[in-house]
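As stored in run_11.txt (compact mmCIF, C-alpha atoms and all ligand atoms):
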```txt
# COMPACT_ATOMS: atom_id res chain seq x y z
CA MET A 1 -136.56 -21.35 78.78
CA GLU A 2 -136.85 -22.87 75.31
CA ILE A 3 -138.24 -26.28 74.39
CA GLU A 4 -137.67 -28.02 71.10
CA VAL A 5 -139.20 -31.40 70.26
CA ARG A 6 -136.66 -33.65 68.55
CA SER A 7 -138.88 -36.68 67.89
CA GLN A 8 -142.33 -37.85 68.87
CA SER A 9 -144.25 -41.10 68.36
CA ASP A 10 -147.11 -42.94 70.10
CA ASN A 11 -144.90 -44.07 72.94
CA GLU A 12 -141.68 -42.10 72.75
CA MET A 13 -140.76 -38.42 72.85
CA VAL A 14 -137.39 -36.68 72.92
CA PHE A 15 -137.11 -32.95 73.48
CA ILE A 16 -134.46 -30.38 74.28
CA VAL A 17 -134.92 -27.92 77.12
CA ARG A 18 -132.60 -24.94 77.12
CA ASP A 19 -131.92 -22.43 79.87
CA ALA A 20 -133.40 -24.43 82.76
CA GLU A 21 -132.18 -25.61 86.16
CA VAL A 22 -131.48 -29.18 87.28
CA PRO A 23 -133.99 -29.10 90.20
CA PHE A 24 -136.79 -27.98 87.85
CA ILE A 25 -136.04 -30.63 85.23
CA ASN A 26 -135.74 -33.28 87.92
CA ALA A 27 -139.08 -32.23 89.46
CA ILE A 28 -140.76 -32.69 86.06
CA ARG A 29 -139.13 -36.12 85.74
CA ARG A 30 -140.35 -37.22 89.17
CA CYS A 31 -143.89 -35.90 88.61
CA ALA A 32 -144.08 -37.73 85.26
CA MET A 33 -143.07 -41.00 86.90
CA VAL A 34 -145.06 -40.98 90.11
CA ASN A 35 -147.79 -38.32 90.07
CA VAL A 36 -149.54 -38.84 86.74
CA PRO A 37 -152.73 -40.94 87.03
CA LYS A 38 -152.92 -44.20 85.09
CA ILE A 39 -155.36 -47.14 84.96
CA ALA A 40 -154.31 -50.66 86.02
CA ILE A 41 -156.01 -53.76 87.39
CA GLU A 42 -156.07 -53.49 91.18
CA ASP A 43 -158.58 -56.04 92.56
CA VAL A 44 -158.75 -59.60 91.25
CA ASN A 45 -161.36 -62.15 92.21
CA ILE A 46 -160.19 -65.63 91.17
CA ILE A 47 -163.26 -67.86 90.97
CA ARG A 48 -161.41 -70.77 89.36
CA ASN A 49 -157.80 -71.29 88.34
CA ASP A 50 -156.83 -74.79 87.19
CA SER A 51 -153.59 -73.60 85.58
CA ALA A 52 -150.13 -74.30 86.99
CA MET A 53 -149.71 -70.60 87.75
CA PHE A 54 -150.25 -69.48 91.35
CA ASN A 55 -153.17 -67.11 91.91
CA GLU A 56 -150.83 -64.39 93.20
CA VAL A 57 -148.62 -64.54 90.10
CA LEU A 58 -151.63 -64.46 87.81
CA ALA A 59 -153.06 -61.44 89.66
CA HIS A 60 -149.67 -59.70 89.45
CA ARG A 61 -149.53 -60.34 85.69
CA LEU A 62 -152.98 -58.87 85.23
CA GLY A 63 -151.95 -55.81 87.24
CA LEU A 64 -148.94 -55.19 85.01
CA THR A 65 -150.87 -55.55 81.75
CA PRO A 66 -150.91 -52.01 80.26
CA LEU A 67 -154.44 -50.65 79.82
CA VAL A 68 -155.43 -47.67 77.67
CA SER A 69 -155.20 -44.67 80.04
CA ASP A 70 -155.40 -41.58 77.83
CA LEU A 71 -157.35 -38.47 78.89
CA ASP A 72 -160.55 -39.84 77.35
CA ALA A 73 -160.26 -43.12 79.30
CA LEU A 74 -159.47 -41.39 82.60
CA GLU A 75 -162.40 -39.00 82.45
CA GLY A 76 -164.88 -39.47 85.29
CA LEU A 77 -163.00 -42.30 87.05
CA PRO A 78 -162.46 -41.95 90.80
CA LEU A 79 -158.93 -41.13 91.96
CA PRO A 80 -157.27 -42.85 94.94
CA GLU A 81 -158.00 -39.77 97.08
CA ASP A 82 -161.77 -40.15 96.40
CA GLU A 83 -163.90 -42.13 98.87
CA GLU A 84 -165.56 -44.41 96.31
CA TRP A 85 -162.16 -45.59 94.96
CA GLU A 86 -162.03 -48.53 97.43
CA ASP A 87 -165.23 -50.13 96.11
CA PHE A 88 -164.56 -53.05 93.67
CA LYS A 89 -167.44 -51.92 91.46
CA SER A 90 -166.20 -48.34 91.17
CA GLY A 91 -163.44 -49.56 88.85
CA ILE A 92 -163.67 -50.79 85.26
CA LEU A 93 -164.69 -54.44 85.40
CA PHE A 94 -162.92 -57.16 83.43
CA GLU A 95 -163.80 -60.81 82.87
CA LEU A 96 -161.47 -63.62 81.88
CA LYS A 97 -163.16 -66.96 81.24
CA GLU A 98 -161.18 -69.46 79.18
CA GLN A 99 -160.81 -73.20 78.78
CA GLY A 100 -157.69 -75.10 77.63
CA PRO A 101 -155.85 -76.18 75.73
CA LYS A 102 -154.73 -72.67 74.81
CA VAL A 103 -152.53 -69.75 75.68
CA VAL A 104 -154.61 -67.00 77.21
CA TYR A 105 -153.63 -63.58 75.89
CA SER A 106 -154.38 -60.03 77.00
CA LYS A 107 -156.97 -59.75 74.20
CA ASP A 108 -159.07 -62.35 76.09
CA LEU A 109 -159.67 -59.84 78.90
CA ILE A 110 -163.21 -58.57 78.32
CA SER A 111 -163.75 -55.02 79.56
CA SER A 112 -167.01 -53.45 80.67
CA ASP A 113 -165.88 -50.20 78.99
CA SER A 114 -164.91 -50.33 75.32
CA LYS A 115 -162.48 -47.39 75.78
CA ILE A 116 -160.45 -49.13 78.47
CA LYS A 117 -158.81 -52.32 77.26
CA PRO A 118 -155.32 -53.81 77.06
CA VAL A 119 -152.99 -51.71 74.91
CA TYR A 120 -151.58 -54.83 73.25
CA ASP A 121 -153.54 -57.97 72.31
CA THR A 122 -150.68 -60.43 72.39
CA ILE A 123 -149.34 -60.35 75.95
CA PRO A 124 -149.39 -64.00 77.14
CA LEU A 125 -151.11 -64.25 80.52
CA VAL A 126 -151.29 -67.98 81.27
CA LYS A 127 -151.08 -71.35 79.49
CA LEU A 128 -153.94 -73.80 79.97
CA LYS A 129 -153.73 -77.55 79.38
CA GLU A 130 -156.61 -79.72 78.09
CA ASP A 131 -159.83 -78.98 80.03
CA GLU A 132 -158.15 -76.55 82.46
CA ILE A 133 -160.37 -73.56 83.18
CA ILE A 134 -159.78 -70.07 84.48
CA ASP A 135 -162.61 -67.85 85.62
CA ILE A 136 -161.59 -64.43 86.88
CA GLU A 137 -163.22 -61.08 87.61
CA ALA A 138 -161.05 -58.02 87.99
CA SER A 139 -161.46 -54.33 88.65
CA ALA A 140 -159.14 -51.72 87.13
CA LYS A 141 -158.63 -48.44 88.95
CA VAL A 142 -156.78 -45.19 88.58
CA GLY A 143 -153.61 -44.96 90.63
CA TYR A 144 -150.22 -43.29 90.87
CA GLY A 145 -146.72 -44.62 90.27
CA LYS A 146 -145.75 -43.62 93.81
CA GLU A 147 -148.01 -46.46 95.04
CA HIS A 148 -147.07 -49.23 92.59
CA ALA A 149 -145.02 -49.60 89.38
CA LYS A 150 -148.12 -50.80 87.49
CA TRP A 151 -149.46 -47.24 87.72
CA MET A 152 -146.25 -45.69 86.42
CA PRO A 153 -146.99 -44.32 82.92
CA THR A 154 -143.33 -44.08 81.93
CA THR A 155 -140.97 -46.94 81.16
CA VAL A 156 -138.14 -44.46 80.56
CA CYS A 157 -138.17 -40.94 81.96
CA ALA A 158 -134.69 -39.50 81.99
CA TYR A 159 -132.63 -36.48 81.07
CA LYS A 160 -128.99 -35.72 80.46
CA GLN A 161 -127.21 -32.41 80.19
CA TYR A 162 -126.49 -31.33 76.62
CA PRO A 163 -123.02 -32.61 75.66
CA LYS A 164 -120.24 -30.21 74.73
CA ILE A 165 -117.23 -31.46 72.76
CA THR A 166 -114.21 -29.21 72.25
CA PHE A 167 -110.85 -29.75 70.57
CA ASN A 168 -107.51 -28.38 71.70
CA GLU A 169 -106.13 -26.75 68.57
CA ASP A 170 -102.74 -26.15 70.25
CA VAL A 171 -101.76 -29.81 70.04
CA GLU A 172 -101.48 -32.23 67.16
CA ILE A 173 -104.72 -33.76 65.93
CA ASP A 174 -105.27 -37.20 67.49
CA TYR A 175 -107.39 -39.47 65.28
CA ASP A 176 -107.42 -42.24 67.92
CA CYS A 177 -110.09 -40.39 69.90
CA ALA A 178 -112.63 -40.79 67.07
CA LEU A 179 -111.91 -44.52 66.76
CA ALA A 180 -112.55 -44.96 70.49
CA CYS A 181 -116.10 -43.59 70.37
CA PRO A 182 -118.57 -46.49 70.83
CA ARG A 183 -121.59 -44.51 69.63
CA GLY A 184 -120.44 -43.17 66.27
CA VAL A 185 -120.50 -39.56 67.47
CA LEU A 186 -117.06 -38.76 66.04
CA LYS A 187 -115.58 -39.36 62.62
CA SER A 188 -111.99 -38.71 61.63
CA ASP A 189 -111.51 -37.09 58.29
CA ARG A 190 -107.81 -37.37 57.43
CA ARG A 191 -108.24 -35.55 54.14
CA SER A 192 -109.46 -32.33 55.73
CA LYS A 193 -107.40 -33.06 58.89
CA LYS A 194 -110.41 -32.73 61.13
CA ILE A 195 -112.51 -34.75 63.52
CA LYS A 196 -116.17 -34.27 62.68
CA ILE A 197 -118.97 -34.40 65.22
CA LEU A 198 -121.74 -36.40 63.54
CA ASP A 199 -124.43 -36.50 66.22
CA ILE A 200 -123.62 -34.69 69.43
CA GLU A 201 -126.97 -35.54 71.03
CA ASN A 202 -126.03 -39.22 70.87
CA CYS A 203 -122.94 -38.60 73.01
CA ALA A 204 -123.18 -40.52 76.30
CA MET A 205 -120.38 -38.44 77.86
CA CYS A 206 -118.54 -41.70 78.59
CA LYS A 207 -115.17 -39.96 77.87
CA SER A 208 -113.73 -43.00 76.07
CA CYS A 209 -112.48 -40.56 73.44
CA VAL A 210 -110.78 -38.41 76.09
CA ARG A 211 -109.03 -41.44 77.58
CA ALA A 212 -107.92 -42.61 74.14
CA SER A 213 -106.26 -39.30 73.35
CA SER A 214 -102.74 -39.27 74.78
CA ASN A 215 -102.14 -35.56 74.13
CA GLY A 216 -105.39 -34.13 75.45
CA TYR A 217 -106.69 -33.20 71.99
CA ILE A 218 -110.37 -33.68 72.86
CA ASN A 219 -112.40 -32.63 75.84
CA VAL A 220 -115.99 -33.63 76.68
CA GLY A 221 -118.18 -31.64 79.03
CA TYR A 222 -121.77 -30.43 79.10
CA HIS A 223 -123.91 -27.33 79.00
CA GLU A 224 -125.02 -26.81 82.59
CA ASN A 225 -128.51 -25.45 81.79
CA ASP A 226 -129.43 -27.34 78.62
CA PHE A 227 -130.97 -30.82 78.72
CA ILE A 228 -132.00 -33.70 76.47
CA PHE A 229 -135.15 -35.23 77.96
CA ARG A 230 -136.56 -38.61 76.91
CA ILE A 231 -139.98 -40.02 77.85
CA GLU A 232 -141.05 -43.52 76.84
CA THR A 233 -144.36 -45.07 77.88
CA ASP A 234 -145.78 -48.60 77.79
CA GLY A 235 -148.35 -47.35 75.27
CA ALA A 236 -151.06 -46.69 77.87
CA MET A 237 -150.70 -42.89 77.47
CA PRO A 238 -149.05 -40.77 74.79
CA PRO A 239 -145.80 -39.26 76.17
CA LYS A 240 -147.04 -35.74 75.42
CA GLU A 241 -150.04 -36.29 77.73
CA VAL A 242 -147.70 -37.57 80.45
CA LEU A 243 -145.55 -34.47 80.14
CA LEU A 244 -148.49 -32.05 80.15
CA LYS A 245 -150.05 -33.73 83.18
CA ALA A 246 -146.69 -33.74 85.00
CA CYS A 247 -146.41 -29.98 84.38
CA ASP A 248 -149.96 -29.46 85.71
CA VAL A 249 -149.16 -31.46 88.85
CA LEU A 250 -145.95 -29.52 89.43
CA GLY A 251 -147.86 -26.24 88.96
CA GLU A 252 -150.48 -27.32 91.52
CA LYS A 253 -147.77 -28.27 94.00
CA ALA A 254 -146.05 -24.90 93.49
CA ASP A 255 -149.39 -23.06 94.01
CA LYS A 256 -149.98 -24.97 97.26
CA PHE A 257 -146.49 -24.10 98.44
CA ILE A 258 -146.95 -20.41 97.60
CA LYS A 259 -150.30 -20.35 99.42
CA PHE A 260 -148.78 -22.11 102.40
CA SER A 261 -145.94 -19.56 102.53
CA GLU A 262 -148.30 -16.60 102.14
CA GLU A 263 -150.44 -17.83 105.01
CA GLY A 264 -147.41 -17.77 107.27
CA GLY A 265 -146.40 -21.41 106.88
CA SER A 266 -147.78 -22.34 110.30
CA LYS A 267 -149.71 -25.48 109.20
S1 LIG B 1 -117.83 -39.06 75.34
FE1 LIG B 1 -118.16 -41.18 74.67
S2 LIG B 1 -119.98 -41.06 73.38
FE2 LIG B 1 -119.24 -38.96 73.61
S3 LIG B 1 -117.92 -38.58 71.87
FE3 LIG B 1 -116.58 -39.33 73.49
S4 LIG B 1 -116.50 -41.52 73.27
FE4 LIG B 1 -118.21 -40.81 72.00
```

What would you get if you wrote out this structure as structure tokens?
Ligand code: SF4
Amino acid sequence: MEIEVRSQSDNEMVFIVRDAEVPFINAIRRCAMVNVPKIAIEDVNIIRNDSAMFNEVLAHRLGLTPLVSDLDALEGLPLPEDEEWEDFKSGILFELKEQGPKVVYSKDLISSDSKIKPVYDTIPLVKLKEDEIIDIEASAKVGYGKEHAKWMPTTVCAYKQYPKITFNEDVEIDYDCALACPRGVLKSDRRSKKIKILDIENCAMCKSCVRASSNGYINVGYHENDFIFRIETDGAMPPKEVLLKACDVLGEKADKFIKFSEEGGSK
């Protein structure tokens, strides 16, 4: 198996995996979405809320506010499988005390740990009118995407098989197929009497070009064992960390399965 990184930024990563199987790639995708630990606000104690927003909605908003969850931030925090996880005080404590008139933003959440804070400062949480007060305590905990979407580190985690475009040289060239492509993958070059493939990795395999060609000049398929994988995060964790952790989790699951099989598979 070969892996080639196409692009990488703070919250997006695209890579090509060659010579792999669909079940393996899909297992990585699922682990990245639901088995990688992430920090999010779990318990909210609303002492005072004069705003027009219901307590439940406000608590939900706080839960979905992305918090820094890189390896450094996660270190030493209890996981859901640990006994102390349930305790309010075992999480990272946040305070939100504001008085209107103002819009309360994510930057107003004061954390007890300088490492763990909202990823973005400008997420609007609630609008307060003149003299309205909110007074809230909250506890952020580590969780998994399989329990709640707020603990899902990925906003996009998807793969597609590597596109394969071929031309039938036995029939007349059909320039209409290039015009039909909605993603600029194909370009007709009448001078050299060719259709050029500009960016095959951008092909969505929608087959608009195939349908537009009346003589079957173009065919679109895919390479069965090659994949284009894309991970995007909400900024809480770098995508590379998500991928590495997902691979670790998959490895641990495989080890457990091997051990289980070696012991006879009776339990
Ligand atoms: S399959 Fe769709 S995206 Fe790909 S080349 Fe044809 S028209 Fe363009």

Subject >> Selected residue of minimal separation from Ala236 in chain A among A:Glu12, A:Asp70, A:Glu262, A:Asp189, counting only C-alpha atoms >> reply: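 For Ala236 in chain A, the nearest of the given residues is A:Asp70.
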
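Among A:Val34, A:Leu128, A:Leu179, A:Ile28, the residue with the shortest atom-to-atom distance to ligand LIG 1 (chain B), counting all atoms listed in the file, is A:Leu179.
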
Subject >> Exercise answer, 12 Å around ligand LIG 1 (chain B) with all atoms listed in the file, as a count of residues only >> reply: 44

Original post:
In file coordinates, which residues lie within 9 Å of (-163.9, -52.4, 90.5) using only C-alpha atoms, given as a ChimeraX atom specification?
Top reply: /A:41-44,85-94,138-141

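Using only C-alpha atoms, the shortest contact distance between Glu224 in chain A and any of A:Ile134, A:Ala52, A:Ala20, A:Leu62 is found at A:Ala20.
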
**OP:** May I ask for the distance between CA of Tyr105 in chain A and CA of Lys146 in chain A, given in Å to one decimal place?
**Re:** 28.0 Å
